[in-house]
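protein-v2.csv (CSV, C-alpha atoms and all ligand atoms) appears below.
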chain,number,residue,atom,x,y,z
A,97,MET,CA,-36.4,-63.3,89.4
A,98,VAL,CA,-40.1,-62.8,89.4
A,99,ASP,CA,-41.4,-59.5,90.9
A,100,THR,CA,-43.0,-60.0,94.3
A,101,LYS,CA,-45.4,-57.1,93.7
A,102,ARG,CA,-46.8,-58.8,90.6
A,103,LEU,CA,-47.3,-62.0,92.6
A,104,ARG,CA,-49.0,-60.2,95.4
A,105,LEU,CA,-51.4,-58.6,93.0
A,106,GLY,CA,-52.4,-62.0,91.7
A,107,ASP,CA,-50.7,-61.8,88.3
A,108,GLU,CA,-51.1,-65.4,87.1
A,109,ASP,CA,-48.4,-65.1,84.5
A,110,ALA,CA,-46.0,-64.0,87.2
A,111,PHE,CA,-47.0,-67.1,89.1
A,112,ARG,CA,-46.4,-69.4,86.1
A,113,GLU,CA,-43.0,-67.9,85.7
A,114,PHE,CA,-42.2,-68.3,89.4
A,115,VAL,CA,-43.3,-71.9,89.4
A,116,GLY,CA,-41.1,-72.5,86.4
A,117,GLU,CA,-38.1,-71.0,88.2
A,118,THR,CA,-38.6,-72.9,91.4
A,119,LYS,CA,-40.3,-76.2,90.8
A,120,ARG,CA,-37.1,-78.3,90.5
A,121,LEU,CA,-35.7,-76.8,93.7
A,122,LEU,CA,-39.0,-77.5,95.4
A,123,MET,CA,-39.2,-81.1,94.1
A,124,SER,CA,-35.7,-81.9,95.3
A,125,VAL,CA,-36.3,-80.5,98.8
A,126,SER,CA,-39.6,-82.3,99.0
A,127,TYR,CA,-38.0,-85.5,97.8
A,128,GLY,CA,-35.1,-85.0,100.2
A,129,ILE,CA,-37.5,-85.0,103.1
A,130,LEU,CA,-40.1,-87.5,102.0
A,131,LEU,CA,-37.9,-89.9,99.9
A,132,ASN,CA,-40.9,-90.9,97.8
A,133,THR,CA,-41.5,-89.4,94.4
A,134,GLU,CA,-45.3,-89.5,94.5
A,135,ASP,CA,-45.6,-87.9,98.0
A,136,ALA,CA,-42.9,-85.4,97.1
A,137,SER,CA,-44.9,-84.3,94.0
A,138,ASP,CA,-48.1,-84.0,96.0
A,139,ALA,CA,-46.4,-81.9,98.6
A,140,VAL,CA,-45.0,-79.5,96.0
A,141,GLN,CA,-48.4,-79.0,94.6
A,142,ASP,CA,-49.9,-78.4,98.0
A,143,ALA,CA,-47.1,-75.9,98.9
A,144,TYR,CA,-47.7,-73.9,95.7
A,145,LEU,CA,-51.4,-73.8,96.4
A,146,ARG,CA,-50.8,-72.5,99.9
A,147,PHE,CA,-48.3,-70.0,98.6
A,148,TRP,CA,-50.7,-68.7,96.0
A,149,ARG,CA,-53.6,-68.5,98.5
A,150,SER,CA,-51.5,-66.4,100.8
A,151,ARG,CA,-49.9,-64.2,98.1
A,152,GLU,CA,-51.5,-61.0,99.5
A,153,ARG,CA,-49.3,-61.4,102.6
A,154,LEU,CA,-46.1,-61.5,100.6
A,155,ASP,CA,-43.4,-59.2,101.8
A,156,SER,CA,-41.5,-57.6,99.0
A,157,ALA,CA,-38.5,-57.1,101.2
A,158,GLY,CA,-38.4,-60.8,102.1
A,159,TYR,CA,-36.9,-63.6,100.0
A,160,ILE,CA,-39.8,-65.3,98.4
A,161,LYS,CA,-37.9,-68.5,97.7
A,162,ALA,CA,-37.2,-68.8,101.4
A,163,TYR,CA,-40.9,-68.3,102.2
A,164,LEU,CA,-41.9,-70.9,99.6
A,165,VAL,CA,-39.4,-73.5,100.9
A,166,GLN,CA,-40.7,-72.8,104.5
A,167,ILE,CA,-44.2,-73.5,103.4
A,168,LEU,CA,-43.0,-76.7,101.6
A,169,LYS,CA,-41.2,-77.8,104.7
A,170,ASN,CA,-44.3,-77.5,106.8
A,171,VAL,CA,-46.3,-79.4,104.3
A,172,CYS,CA,-43.7,-82.2,104.2
A,173,LEU,CA,-43.5,-82.4,108.0
A,174,SER,CA,-47.2,-82.7,108.4
A,175,MET,CA,-47.1,-85.5,105.7
A,176,LEU,CA,-44.4,-87.3,107.6
A,177,LYS,CA,-46.5,-87.0,110.8
A,178,LYS,CA,-49.5,-88.4,109.0
A,179,ARG,CA,-47.3,-91.2,107.6
A,180,ALA,CA,-46.0,-92.0,111.1
A,181,ASN,CA,-49.6,-92.3,112.4
A,182,THR,CA,-50.5,-94.8,109.6
A,183,VAL,CA,-48.2,-97.6,110.7
A,184,GLY,CA,-44.6,-97.8,109.4
A,185,MET,CA,-45.6,-99.8,106.4
A,186,ASP,CA,-42.5,-99.1,104.4
A,187,GLU,CA,-40.1,-99.9,107.2
A,188,ILE,CA,-41.1,-103.4,107.9
A,189,PRO,CA,-40.5,-104.9,104.4
A,190,GLU,CA,-37.4,-102.8,104.0
A,191,GLN,CA,-35.6,-104.8,106.8
A,192,GLY,CA,-36.2,-108.1,105.0
A,193,ARG,CA,-35.3,-106.7,101.6
A,194,ARG,CA,-32.0,-105.4,102.9
A,195,GLU,CA,-30.8,-108.8,103.9
A,196,ASN,CA,-31.8,-110.5,100.6
A,197,THR,CA,-30.6,-108.0,98.1
A,198,SER,CA,-28.2,-105.7,99.8
A,199,SER,CA,-25.4,-106.9,97.5
A,200,ARG,CA,-27.3,-105.9,94.4
A,201,LEU,CA,-28.2,-102.3,95.6
A,202,ASP,CA,-26.7,-99.6,93.5
A,203,ASP,CA,-25.2,-96.5,95.0
A,204,LYS,CA,-28.3,-94.5,94.4
A,205,GLU,CA,-30.5,-96.8,96.3
A,206,LEU,CA,-27.8,-97.0,99.0
A,207,VAL,CA,-27.6,-93.3,99.6
A,208,SER,CA,-31.4,-93.1,99.5
A,209,ARG,CA,-31.5,-95.5,102.4
A,210,ALA,CA,-28.7,-93.6,104.2
A,211,MET,CA,-30.7,-90.4,103.9
A,212,THR,CA,-33.2,-91.8,106.4
A,213,VAL,CA,-30.8,-91.4,109.2
A,214,LEU,CA,-30.7,-87.6,108.7
A,215,LYS,CA,-32.8,-84.9,110.3
A,216,GLU,CA,-35.1,-82.9,108.2
A,217,LYS,CA,-32.9,-79.8,108.0
A,218,GLU,CA,-29.9,-82.0,107.0
A,219,ARG,CA,-32.0,-83.7,104.3
A,220,MET,CA,-33.0,-80.3,102.9
A,221,ILE,CA,-29.4,-79.1,102.8
A,222,VAL,CA,-28.2,-82.3,101.1
A,223,ALA,CA,-31.0,-82.1,98.6
A,224,MET,CA,-30.3,-78.5,97.7
A,225,ILE,CA,-26.6,-79.1,97.3
A,226,HIS,CA,-27.0,-82.1,95.1
A,227,TYR,CA,-29.9,-80.9,92.9
A,228,GLU,CA,-27.9,-78.5,90.9
A,229,ASN,CA,-24.8,-77.8,92.9
A,230,LEU,CA,-26.2,-74.9,94.9
A,231,ASP,CA,-23.4,-73.4,97.0
A,232,SER,CA,-23.6,-73.0,100.7
A,233,ALA,CA,-24.4,-69.3,100.4
A,234,GLU,CA,-27.5,-69.9,98.3
A,235,VAL,CA,-28.7,-72.7,100.5
A,236,GLY,CA,-28.1,-70.6,103.5
A,237,GLU,CA,-30.2,-67.7,102.0
A,238,ILE,CA,-33.1,-70.1,101.4
A,239,LEU,CA,-32.9,-71.6,104.8
A,240,GLY,CA,-32.0,-68.5,106.8
A,241,LEU,CA,-28.6,-69.9,107.9
A,242,SER,CA,-25.1,-68.7,107.5
A,243,PRO,CA,-23.0,-70.4,104.8
A,244,SER,CA,-20.7,-71.9,107.5
A,245,THR,CA,-23.6,-73.4,109.3
A,246,VAL,CA,-24.8,-74.9,106.1
A,247,ARG,CA,-21.4,-76.5,105.5
A,248,SER,CA,-21.2,-77.9,109.0
A,249,HIS,CA,-24.7,-79.4,108.7
A,250,TYR,CA,-23.7,-80.9,105.4
A,251,GLN,CA,-20.5,-82.3,106.8
A,252,SER,CA,-22.1,-84.0,109.7
A,253,ALA,CA,-24.9,-85.3,107.5
A,254,ARG,CA,-22.3,-86.9,105.2
A,255,ILE,CA,-20.4,-88.4,108.0
A,256,ARG,CA,-23.5,-90.0,109.4
A,257,MET,CA,-24.6,-91.3,106.0
A,258,LYS,CA,-21.2,-92.8,105.4
A,259,ASN,CA,-21.2,-94.5,108.8
A,260,TYR,CA,-24.6,-95.9,108.2
A,261,ILE,CA,-23.6,-97.3,104.8
A,262,ILE,CA,-20.4,-98.9,106.2
A,263,ARG,CA,-22.3,-100.4,109.1
A,264,ASN,CA,-25.2,-101.8,107.0
A,265,PHE,CA,-23.6,-102.5,103.7
A,266,PRO,CA,-20.0,-103.5,104.4
A,267,GLU,CA,-19.4,-104.6,100.8
A,268,PHE,CA,-19.6,-100.9,99.9
A,269,VAL,CA,-16.1,-100.4,101.3
A,270,ARG,CA,-14.6,-103.2,99.4
B,220,MET,CA,-3.5,-82.8,109.8
B,221,LYS,CA,-4.3,-86.3,110.8
B,222,CYS,CA,-6.0,-88.8,108.5
B,223,LYS,CA,-9.2,-88.7,110.7
B,224,GLU,CA,-9.5,-84.9,110.4
B,225,ILE,CA,-8.9,-85.1,106.6
B,226,GLN,CA,-11.5,-87.9,106.2
B,227,ASP,CA,-14.1,-85.9,108.1
B,228,ILE,CA,-13.9,-83.0,105.6
B,229,LEU,CA,-13.5,-85.1,102.4
B,230,SER,CA,-17.1,-84.7,101.5
B,231,LEU,CA,-16.8,-81.0,101.6
B,232,TYR,CA,-13.6,-81.2,99.7
B,233,HIS,CA,-15.2,-83.3,97.0
B,234,GLN,CA,-18.1,-80.9,96.7
B,235,GLY,CA,-15.8,-77.9,96.5
B,236,LEU,CA,-17.2,-76.4,99.7
B,237,LEU,CA,-13.8,-75.9,101.4
B,238,ASP,CA,-11.9,-72.6,101.6
B,239,THR,CA,-8.9,-72.5,99.3
B,240,ASP,CA,-6.3,-72.9,102.0
B,241,LEU,CA,-7.9,-75.9,103.6
B,242,ALA,CA,-8.6,-77.4,100.2
B,243,GLU,CA,-4.9,-77.1,99.3
B,244,GLN,CA,-3.9,-78.8,102.6
B,245,VAL,CA,-6.2,-81.7,101.8
B,246,ALA,CA,-4.9,-82.0,98.3
B,247,ARG,CA,-1.3,-82.1,99.5
B,248,HIS,CA,-2.2,-84.8,102.1
B,249,LEU,CA,-4.0,-86.8,99.4
B,250,SER,CA,-1.0,-86.8,97.2
B,251,HIS,CA,0.9,-89.1,99.6
B,252,CYS,CA,-1.8,-90.9,101.7
B,253,GLU,CA,-3.3,-94.0,100.2
B,254,SER,CA,-6.0,-94.6,102.8
B,255,CYS,CA,-7.3,-91.1,102.5
B,256,LYS,CA,-7.4,-91.5,98.7
B,257,GLU,CA,-9.5,-94.6,99.2
B,258,ALA,CA,-11.8,-92.7,101.6
B,259,LEU,CA,-12.1,-90.0,98.9
B,260,MET,CA,-13.3,-92.6,96.4
B,261,GLN,CA,-16.0,-93.6,98.8
B,262,GLU,CA,-17.1,-90.0,99.3
B,263,LYS,CA,-17.2,-89.7,95.5
B,264,ARG,CA,-19.5,-92.7,95.2
B,265,ILE,CA,-21.8,-91.2,97.8
B,266,SER,CA,-21.8,-87.9,96.1
B,267,ASP,CA,-22.5,-89.5,92.7
B,268,GLY,CA,-25.3,-91.5,94.3
B,269,LEU,CA,-26.8,-88.3,95.7
B,270,ASN,CA,-26.4,-86.5,92.3
B,271,ASP,CA,-28.2,-89.4,90.7
B,272,LEU,CA,-30.9,-89.3,93.3
B,273,PHE,CA,-31.5,-85.6,93.0
B,274,GLY,CA,-30.5,-85.4,89.3
B,275,ARG,CA,-32.8,-84.3,86.5
B,276,ASP,CA,-34.4,-87.7,85.8
B,277,GLU,CA,-35.5,-88.4,89.3
B,278,MET,CA,-37.0,-84.9,89.7
B,279,SER,CA,-38.9,-84.9,86.4
B,280,SER,CA,-42.0,-86.3,88.1
B,281,VAL,CA,-43.3,-82.8,88.8
B,282,PRO,CA,-46.3,-82.3,86.5
B,283,GLU,CA,-45.4,-80.1,83.6
B,284,ASP,CA,-48.5,-78.1,84.1
B,285,ILE,CA,-48.3,-77.8,87.9
B,286,ALA,CA,-48.9,-74.0,87.7
B,287,GLU,CA,-52.1,-74.5,85.8
B,288,LEU,CA,-53.2,-77.3,88.2
B,289,VAL,CA,-52.7,-75.0,91.2
B,290,LEU,CA,-54.4,-72.0,89.6
B,291,GLU,CA,-57.3,-74.1,88.6
B,292,LYS,CA,-57.6,-75.6,92.1
B,293,SER,CA,-57.4,-72.2,93.8
B,294,GLN,CA,-60.1,-70.9,91.6
B,295,ARG,CA,-62.4,-73.7,92.4
B,296,GLU,CA,-61.9,-73.0,96.1
B,297,LEU,CA,-63.0,-69.4,95.9
B,298,PRO,CA,-66.4,-68.7,97.4
B,299,VAL,CA,-69.0,-68.7,94.6
B,300,LYS,CA,-70.3,-65.2,95.3
B,301,LEU,CA,-66.8,-63.7,94.8
B,302,HIS,CA,-66.3,-65.2,91.4
B,303,ARG,CA,-69.4,-66.3,89.6
B,304,ARG,CA,-71.8,-63.4,90.5
B,305,SER,CA,-74.3,-63.3,87.7
B,306,PRO,CA,-74.9,-60.0,85.9
B,307,VAL,CA,-78.6,-60.3,86.6
B,308,LYS,CA,-77.9,-60.3,90.4
B,309,LEU,CA,-75.6,-57.3,89.9
B,310,ILE,CA,-78.4,-55.4,88.2
B,311,PHE,CA,-80.8,-56.3,91.0
B,312,ARG,CA,-78.4,-55.2,93.6
B,313,PHE,CA,-77.6,-51.9,91.8
B,314,GLY,CA,-81.3,-51.4,91.3
B,315,ALA,CA,-82.1,-51.8,94.9
B,316,VAL,CA,-79.5,-49.3,95.9
B,317,ALA,CA,-80.7,-46.8,93.4
B,318,ALA,CA,-84.3,-47.2,94.5
B,319,THR,CA,-83.4,-46.6,98.1
B,320,VAL,CA,-81.6,-43.4,97.2
B,321,LEU,CA,-84.5,-42.2,95.0
B,322,LEU,CA,-87.1,-43.0,97.7
B,323,THR,CA,-85.1,-41.1,100.3
B,324,LEU,CA,-84.8,-38.1,98.0
B,325,TRP,CA,-88.5,-38.2,97.3
B,326,LEU,CA,-89.6,-38.5,100.9
B,327,SER,CA,-87.3,-35.7,102.0
B,328,PHE,CA,-88.9,-33.6,99.1
B,329,LEU,CA,-92.4,-34.5,100.4
B,330,PHE,CA,-91.6,-33.5,103.9
B,331,ARG,CA,-89.5,-30.5,103.1
B,332,HIS,CA,-92.1,-28.2,104.6
B,333,SER,CA,-93.2,-30.4,107.5
B,334,PRO,CA,-93.0,-27.9,110.2
B,335,ALA,CA,-94.0,-29.4,113.4
B,336,VAL,CA,-91.7,-28.5,116.2
B,337,GLU,CA,-89.1,-26.0,116.8
B,338,ILE,CA,-86.1,-28.0,117.7
B,339,ASP,CA,-85.3,-25.9,120.8
B,340,MET,CA,-88.7,-27.0,122.2
B,341,VAL,CA,-87.3,-30.4,122.7
B,342,GLN,CA,-83.8,-29.5,123.5
B,343,ASP,CA,-83.7,-30.0,127.2
B,344,ALA,CA,-86.5,-32.4,128.1
B,345,PRO,CA,-86.5,-35.8,126.6
B,346,VAL,CA,-90.3,-36.0,126.7
B,347,ARG,CA,-92.6,-33.0,126.3
B,348,THR,CA,-96.1,-32.3,125.3
B,349,VAL,CA,-96.6,-29.7,122.6
B,350,LEU,CA,-99.4,-28.3,120.5
B,351,PHE,CA,-99.3,-28.5,116.8
B,352,SER,CA,-101.1,-26.2,114.5
B,353,ASP,CA,-101.1,-28.7,111.7
B,354,SER,CA,-100.4,-32.4,111.3
B,355,PRO,CA,-97.2,-33.2,109.4
B,356,VAL,CA,-98.9,-36.4,108.3
B,357,ARG,CA,-102.1,-35.8,106.4
B,358,THR,CA,-104.7,-38.2,107.7
B,359,PRO,CA,-108.2,-37.4,106.6
B,360,GLN,CA,-109.8,-39.2,109.6
B,361,ILE,CA,-108.3,-36.8,112.0
B,362,ARG,CA,-110.5,-33.9,112.4
B,363,GLU,CA,-109.1,-31.7,115.0
B,364,VAL,CA,-107.1,-28.8,113.9
B,365,GLN,CA,-105.2,-28.8,117.1
B,366,ARG,CA,-104.1,-32.0,118.7
B,367,LYS,CA,-102.0,-33.1,121.6
B,368,ALA,CA,-98.7,-34.7,120.6
B,369,THR,CA,-96.0,-36.3,122.6
B,370,VAL,CA,-92.6,-35.4,121.4
B,371,THR,CA,-89.8,-37.6,122.5
B,372,ARG,CA,-86.2,-36.8,121.7
B,373,LEU,CA,-84.5,-40.0,120.6
B,374,LYS,CA,-81.1,-38.6,119.4
B,375,GLU,CA,-79.8,-35.1,118.9
B,376,ASN,CA,-81.4,-34.7,115.6
B,377,VAL,CA,-84.2,-37.2,115.8
B,378,ILE,CA,-87.5,-36.7,117.6
B,379,TRP,CA,-90.4,-39.1,117.9
B,380,ILE,CA,-93.9,-37.6,117.7
B,381,SER,CA,-97.0,-39.4,118.7
B,382,TYR,CA,-100.5,-38.1,118.5
B,383,LYS,CA,-103.5,-38.9,120.5
B,384,ASN,CA,-106.9,-38.7,118.8
C,1,ZN,ZN,-4.4,-89.8,105.3
If you took the structure in this file and wrote it as structure tokens, what would it be?
Ligand SMILES: [Zn+2]
Amino acid sequence: MVDTKRLRLGDEDAFREFVGETKRLLMSVSYGILLNTEDASDAVQDAYLRFWRSRERLDSAGYIKAYLVQILKNVCLSMLKKRANTVGMDEIPEQGRRENTSSRLDDKELVSRAMTVLKEKERMIVAMIHYENLDSAEVGEILGLSPSTVRSHYQSARIRMKNYIIRNFPEFVR
Amino acid sequence: MKCKEIQDILSLYHQGLLDTDLAEQVARHLSHCESCKEALMQEKRISDGLNDLFGRDEMSSVPEDIAELVLEKSQRELPVKLHRRSPVKLIFRFGAVAATVLLTLWLSFLFRHSPAVEIDMVQDAPVRTVLFSDSPVRTPQIREVQRKATVTRLKENVIWISYKN
């Protein structure tokens, strides 16, 4: 773990180290919320920039990963809001595509569609659990939730995903 | 446990997120229930899909040099005066401070004897007229040895003296 004090003092090497430790986590959370690689990458960069700018306010007693993920979440949510304001461009063609090619969708594409029925918090949890098998305690520490709350969010997320898939892609069951 | 209850926690079971007791119950049920076994296969496909989605390849789109990009960007954003202050400007600034200090020292040396008024003369009244034996400011045009001056007390240690010719 990178020393918070070094980050607060503006130690650039500490920042590089910190980015190396956290960028995959950040990318998966970002992708989990935005479901678009390019946007996700932009959001991650923006989140690091905001983090670095506010480094002097870092609390050494706090959990910096949690702080970083919180920043990222805010960046992603404002991106989603912006996207919602600029017409649902990706939703319209998706309906048509689904009818034509649903039988050819692989499971990865399928679960990516199913992710859209989840709330942001559920998406973050699913992303963190699947990016490298983080356990519910680690996810909980990052999100400020108890492990059992994380598990119950994950469970209800998976139930809704499964229902969505069965309803929209009945061939999945067969 | 009923099949419905089992199937609701199969995703947790498959991810290894269940407590040992519960996981054992599920395993026992699975050993003799075909429909729950099938449901487990579906959960496995969803889990695998998610692992693919969030697996290494998909996430490799983070720029390798993201830390450098961020550091560079944040440096560009800093106000110019904080970062690119030229040494010449620094010298000027230092010079100005030094000159002010020297000037103050020199003036206080020049006026070290300037006598003028006993401070208690102006203690009570804010404005008072006093007689000076000599002018603290040497102005050759002024001939009188004794002149009338108005002394105004501005602050505790500051007085304002005005002469009339
Ligand atoms: Zn069963």
* Asked: Taking all atoms listed in the file into account, which residues of chain A are within 8 Å of chain B, as a PyMOL selection string?
  -> chain A and resi 108+111-112+115+119-120+123-124+133-134+137+141+144-145+148-149+203-208+223+226-228+231-232+247+250-251+254-255+258+269
* For ligand ZN 1 (chain C), collect every residue having any atom at a distance of at most 7 Å from a ligand atom (counting only C-alpha atoms and all ligand atoms); output as a PyMOL selection string. => chain B and resi 221-222+225+248-249+252-255
* To do: For atom CA of Ser381 of chain B and atom CA of Thr369 of chain B, quote the distance in Å rounded to one decimal.
  =>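 So the answer is 5.1 Å.
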* Interatomic distance (Å, one decimal) between atom CA of Glu152 of chain A and atom CA of Lys101 of chain A ->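 That distance, rounded to one decimal, is 9.3 Å.
Rounded to one decimal, atom CA of Ala136 of chain A and atom CA of His233 of chain B lie 27.8 Å from each other.
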* To do: Name the residues in contact with segment 158-163 of chain A at a cut-off of 9 Å, using all atoms listed in the file, excluding same-chain residues fewer than 2 positions from it; report them as a PyMOL selection string.
  => chain A and resi 100+118+147+154-156+165-168+237-240
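Proximity to Leu105 of chain A was assessed for A:Ser150, A:Ser126, A:Asn132, A:Thr245 counting all atoms listed in the file; the smallest distance is recorded for A:Ser150.
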